[in-house]
Each structure stands twice: as C-alpha cells, then as structure tokens.
Amino acid sequence: MTNDPSALLRLYEELNGQYFEDTLPFCPIRWSRQLTRTAGNIDVRTPLMKLSYPLLVEAFAPRGLFSPEYEICGVICSTSEAAIREIVKHEMIHLWLHHRGLPSGHTAAFRAKARQMGQPKTRHQIETPKPRSGWEYSCPVCKSTFTRRKRYGRPVACATCCNQFNQGKFDPRFKLRGRRLQS
C-alpha cells in the first residue's frame, strides 16, 4: 500500500462507501516526509490529504523508531497498513464534517462519528522524535513541557493552569519559560 498511490485511492473509496455512503468528493492522498509530529492532515477546502511517511511507514520498518504496536485513535495498530487505515478514517471525518457545512475540528460531532467508526479517541499515541532545534517551553507551576519550532513573540501562559485557576485568562504566575534547543 505504501508505494502504490492507487492502493491509497482504493482504501479511500472503500471507506467512503463503508462509512460515508459514497458522499465524499474525490480526495488525493499524498505521502509527506515533512509531517513528523502528526500522522496525517487534510486540507478540507482543496481537498488534499497528506500522510506522514516517517510515522506510518518507517516506524514499522525493522528497527524502526517506535515499538511495533501503538494506539491510533484508540485502536491498537501493529502493522503499517492498520495505522494508515485508522489515520485515513480520521482525516475523512474532517472532510465529511466540512462537506456537511459543519466545523471540521475535533468537535462533538467529530467524536460521535469517530466512535461510530470504531475510534474511541481522536488522537494517536505515536511517540514522535524529540526535535533537535526550536524552543522548549515549561510551566513553572504544573511543570508540563512542550516544544515548538518558533519562539513566541509575546508572553504566553500555560493554558491548563490559566483555565484551572484564572477562568482561562492570562495570568503571569503561569508564564511559560522557554529555552532554545541546540542542534
């Protein structure tokens, strides 16, 4: 399936019939080496779906970066083909919502459709490689950390702490501390 674009198209058509009554428009699916933090994405306006080659193919190769089995949208996948199938289903839900004129994010309607399709969660548990460059930010209170490629241009606070202790408004007590990652 990985090197055969027609196999991806056949998978899309199969899932379109199985879960969407063949109502979704044609959507090309392309592999991307640039997608390294997410397993897939879709531009619902074009439409164009991109799948992460590093996370969905190379991860399952012998001596891959990750364990041979991991959870995608609440479904345990032990093969590249199973992982690709779950990510394509996930991205198709975004397209289905857009096609119906609804918000295409991870809304209640998205989660309901995902559960109907056998996906109890909306995220994957694929370990992504730690970035070698960019910025790492941490909250001084809850100690959570995350990385991003670009430095914030203004003060930013931990959303979790601001939501929990300050009704979602910026609070300098929770101002994130950033440090540059060296390559």
# chains A, B, ... in the order shown; residues from 1 in each chain; ligands from 1
>>> select_by_dssp(residues="chain A", states="strand (DSSP E or B)", output="PDB file with N, CA and C atoms, in the first residue's frame")
ATOM      1  N   ILE A  29      -4.499  11.541  -2.036  1.00  0.00           N
ATOM      2  CA  ILE A  29      -3.733  11.253  -0.814  1.00  0.00           C
ATOM      3  C   ILE A  29      -2.264  11.202  -1.201  1.00  0.00           C
ATOM      4  N   ARG A  30      -1.458  11.982  -0.503  1.00  0.00           N
ATOM      5  CA  ARG A  30      -0.025  12.047  -0.796  1.00  0.00           C
ATOM      6  C   ARG A  30       0.781  11.727   0.458  1.00  0.00           C
ATOM      7  N   TRP A  31       1.964  11.173   0.249  1.00  0.00           N
ATOM      8  CA  TRP A  31       2.898  10.942   1.351  1.00  0.00           C
ATOM      9  C   TRP A  31       3.713  12.202   1.587  1.00  0.00           C
ATOM     10  N   SER A  32       4.037  12.449   2.849  1.00  0.00           N
ATOM     11  CA  SER A  32       4.854  13.610   3.200  1.00  0.00           C
ATOM     12  C   SER A  32       5.953  13.200   4.167  1.00  0.00           C
ATOM     13  N   GLY A  40      -1.140  12.518  10.063  1.00  0.00           N
ATOM     14  CA  GLY A  40      -1.829  12.895   8.837  1.00  0.00           C
ATOM     15  C   GLY A  40      -2.498  14.243   8.998  1.00  0.00           C
ATOM     16  N   ASN A  41      -2.833  14.854   7.866  1.00  0.00           N
ATOM     17  CA  ASN A  41      -3.642  16.069   7.896  1.00  0.00           C
ATOM     18  C   ASN A  41      -4.408  16.166   6.583  1.00  0.00           C
ATOM     19  N   ILE A  42      -5.419  17.020   6.593  1.00  0.00           N
ATOM     20  CA  ILE A  42      -6.228  17.192   5.399  1.00  0.00           C
ATOM     21  C   ILE A  42      -6.576  18.661   5.239  1.00  0.00           C
ATOM     22  N   ASP A  43      -6.481  19.141   4.012  1.00  0.00           N
ATOM     23  CA  ASP A  43      -7.000  20.461   3.669  1.00  0.00           C
ATOM     24  C   ASP A  43      -8.399  20.195   3.114  1.00  0.00           C
ATOM     25  N   LEU A  48      -7.190  17.801  -0.040  1.00  0.00           N
ATOM     26  CA  LEU A  48      -5.932  17.075  -0.207  1.00  0.00           C
ATOM     27  C   LEU A  48      -5.524  16.503   1.139  1.00  0.00           C
ATOM     28  N   MET A  49      -5.296  15.199   1.174  1.00  0.00           N
ATOM     29  CA  MET A  49      -4.874  14.531   2.398  1.00  0.00           C
ATOM     30  C   MET A  49      -3.386  14.211   2.300  1.00  0.00           C
ATOM     31  N   LYS A  50      -2.660  14.438   3.404  1.00  0.00           N
ATOM     32  CA  LYS A  50      -1.250  14.079   3.480  1.00  0.00           C
ATOM     33  C   LYS A  50      -1.048  13.118   4.637  1.00  0.00           C
ATOM     34  N   LEU A  51      -0.231  12.095   4.404  1.00  0.00           N
ATOM     35  CA  LEU A  51       0.097  11.113   5.424  1.00  0.00           C
ATOM     36  C   LEU A  51       1.586  11.170   5.727  1.00  0.00           C
ATOM     37  N   SER A  52       1.933  10.972   6.982  1.00  0.00           N
ATOM     38  CA  SER A  52       3.330  11.018   7.407  1.00  0.00           C
ATOM     39  C   SER A  52       4.050   9.718   7.064  1.00  0.00           C
ATOM     40  N   TYR A  70       1.237   0.421  18.417  1.00  0.00           N
ATOM     41  CA  TYR A  70       0.841   1.597  19.169  1.00  0.00           C
ATOM     42  C   TYR A  70      -0.595   1.970  18.866  1.00  0.00           C
ATOM     43  N   GLU A  71      -1.106   2.879  19.668  1.00  0.00           N
ATOM     44  CA  GLU A  71      -2.525   3.222  19.621  1.00  0.00           C
ATOM     45  C   GLU A  71      -2.763   4.441  18.737  1.00  0.00           C
ATOM     46  N   ILE A  72      -3.706   4.288  17.818  1.00  0.00           N
ATOM     47  CA  ILE A  72      -4.112   5.398  16.952  1.00  0.00           C
ATOM     48  C   ILE A  72      -5.622   5.548  17.097  1.00  0.00           C
ATOM     49  N   VAL A  75      -7.351   2.754  18.771  1.00  0.00           N
ATOM     50  CA  VAL A  75      -7.280   1.443  18.134  1.00  0.00           C
ATOM     51  C   VAL A  75      -5.816   0.987  18.133  1.00  0.00           C
ATOM     52  N   ILE A  76      -5.554  -0.217  18.632  1.00  0.00           N
ATOM     53  CA  ILE A  76      -4.189  -0.753  18.637  1.00  0.00           C
ATOM     54  C   ILE A  76      -3.836  -1.190  17.218  1.00  0.00           C
ATOM     55  N   CYS A  77      -2.733  -0.668  16.709  1.00  0.00           N
ATOM     56  CA  CYS A  77      -2.270  -0.990  15.353  1.00  0.00           C
ATOM     57  C   CYS A  77      -0.895  -1.639  15.442  1.00  0.00           C
ATOM     58  N   HIS A 124      -3.680  10.178  18.390  1.00  0.00           N
ATOM     59  CA  HIS A 124      -2.855   8.979  18.349  1.00  0.00           C
ATOM     60  C   HIS A 124      -1.836   9.033  19.468  1.00  0.00           C
ATOM     61  N   GLY A 134      14.678  24.382  17.794  1.00  0.00           N
ATOM     62  CA  GLY A 134      13.431  25.053  18.126  1.00  0.00           C
ATOM     63  C   GLY A 134      13.465  25.528  19.569  1.00  0.00           C
ATOM     64  N   TRP A 135      12.302  25.503  20.216  1.00  0.00           N
ATOM     65  CA  TRP A 135      12.162  26.010  21.574  1.00  0.00           C
ATOM     66  C   TRP A 135      11.405  25.011  22.432  1.00  0.00           C
ATOM     67  N   GLU A 136      11.834  24.863  23.670  1.00  0.00           N
ATOM     68  CA  GLU A 136      11.120  24.051  24.642  1.00  0.00           C
ATOM     69  C   GLU A 136      10.568  24.988  25.708  1.00  0.00           C
ATOM     70  N   TYR A 137       9.273  24.868  25.983  1.00  0.00           N
ATOM     71  CA  TYR A 137       8.615  25.723  26.964  1.00  0.00           C
ATOM     72  C   TYR A 137       8.121  24.873  28.128  1.00  0.00           C
ATOM     73  N   SER A 138       8.174  25.444  29.341  1.00  0.00           N
ATOM     74  CA  SER A 138       7.671  24.730  30.509  1.00  0.00           C
ATOM     75  C   SER A 138       6.904  25.686  31.412  1.00  0.00           C
ATOM     76  N   THR A 145       5.707  20.387  29.826  1.00  0.00           N
ATOM     77  CA  THR A 145       6.628  20.929  28.822  1.00  0.00           C
ATOM     78  C   THR A 145       6.129  20.575  27.429  1.00  0.00           C
ATOM     79  N   PHE A 146       6.520  21.388  26.469  1.00  0.00           N
ATOM     80  CA  PHE A 146       6.232  21.099  25.072  1.00  0.00           C
ATOM     81  C   PHE A 146       7.266  21.835  24.230  1.00  0.00           C
ATOM     82  N   THR A 147       7.386  21.427  22.988  1.00  0.00           N
ATOM     83  CA  THR A 147       8.328  22.075  22.078  1.00  0.00           C
ATOM     84  C   THR A 147       7.565  22.693  20.923  1.00  0.00           C
ATOM     85  N   ARG A 148       8.173  23.686  20.333  1.00  0.00           N
ATOM     86  CA  ARG A 148       7.648  24.285  19.114  1.00  0.00           C
ATOM     87  C   ARG A 148       8.830  24.791  18.301  1.00  0.00           C
ATOM     88  N   ALA A 157       1.167  32.064  28.612  1.00  0.00           N
ATOM     89  CA  ALA A 157       0.997  31.331  29.860  1.00  0.00           C
ATOM     90  C   ALA A 157       0.440  29.937  29.591  1.00  0.00           C
ATOM     91  N   LYS A 175       3.281  32.085  33.468  1.00  0.00           N
ATOM     92  CA  LYS A 175       4.039  32.455  32.269  1.00  0.00           C
ATOM     93  C   LYS A 175       5.038  31.344  31.940  1.00  0.00           C
ATOM     94  N   ARG A 177       8.217  29.415  30.540  1.00  0.00           N
ATOM     95  CA  ARG A 177       9.650  29.681  30.444  1.00  0.00           C
ATOM     96  C   ARG A 177      10.185  28.911  29.251  1.00  0.00           C
ATOM     97  N   GLY A 178      10.870  29.618  28.368  1.00  0.00           N
ATOM     98  CA  GLY A 178      11.375  28.978  27.167  1.00  0.00           C
ATOM     99  C   GLY A 178      12.889  28.893  27.142  1.00  0.00           C
ATOM    100  N   ARG A 179      13.367  27.839  26.492  1.00  0.00           N
ATOM    101  CA  ARG A 179      14.811  27.705  26.258  1.00  0.00           C
ATOM    102  C   ARG A 179      15.014  27.181  24.855  1.00  0.00           C
ATOM    103  N   ARG A 180      16.040  27.710  24.222  1.00  0.00           N
ATOM    104  CA  ARG A 180      16.354  27.317  22.841  1.00  0.00           C
ATOM    105  C   ARG A 180      17.001  25.941  22.842  1.00  0.00           C
ATOM    106  N   LEU A 181      16.526  25.080  21.938  1.00  0.00           N
ATOM    107  CA  LEU A 181      17.124  23.756  21.777  1.00  0.00           C
ATOM    108  C   LEU A 181      18.278  23.875  20.793  1.00  0.00           C
TER     109      LEU A 181
END
>>> select_by_dssp(residues="chain A", states="alpha helix (DSSP H)", output="ChimeraX atom specification")
/A:5-20,53-56,80-99,108-116,159-165
>>> residues_around(residues="Leu11 (chain A)", least_positions_apart="2", cutoff="12 Å", atoms="only C-alpha atoms", output="PyMOL selection string")
chain A and resi 1-2+4-9+13-19+27-29+81-82+84-89+92
>>> closest_residue(among="A:Ala59, A:Leu176, A:Cys73, A:Ala109", to="Thr160 (chain A)", atoms="only C-alpha atoms")
A:Leu176
>>> closest_residue(among="A:Phe26, A:Phe60, A:Phe20, A:Phe174", to="Pro140 (chain A)", atoms="only C-alpha atoms")
A:Phe174
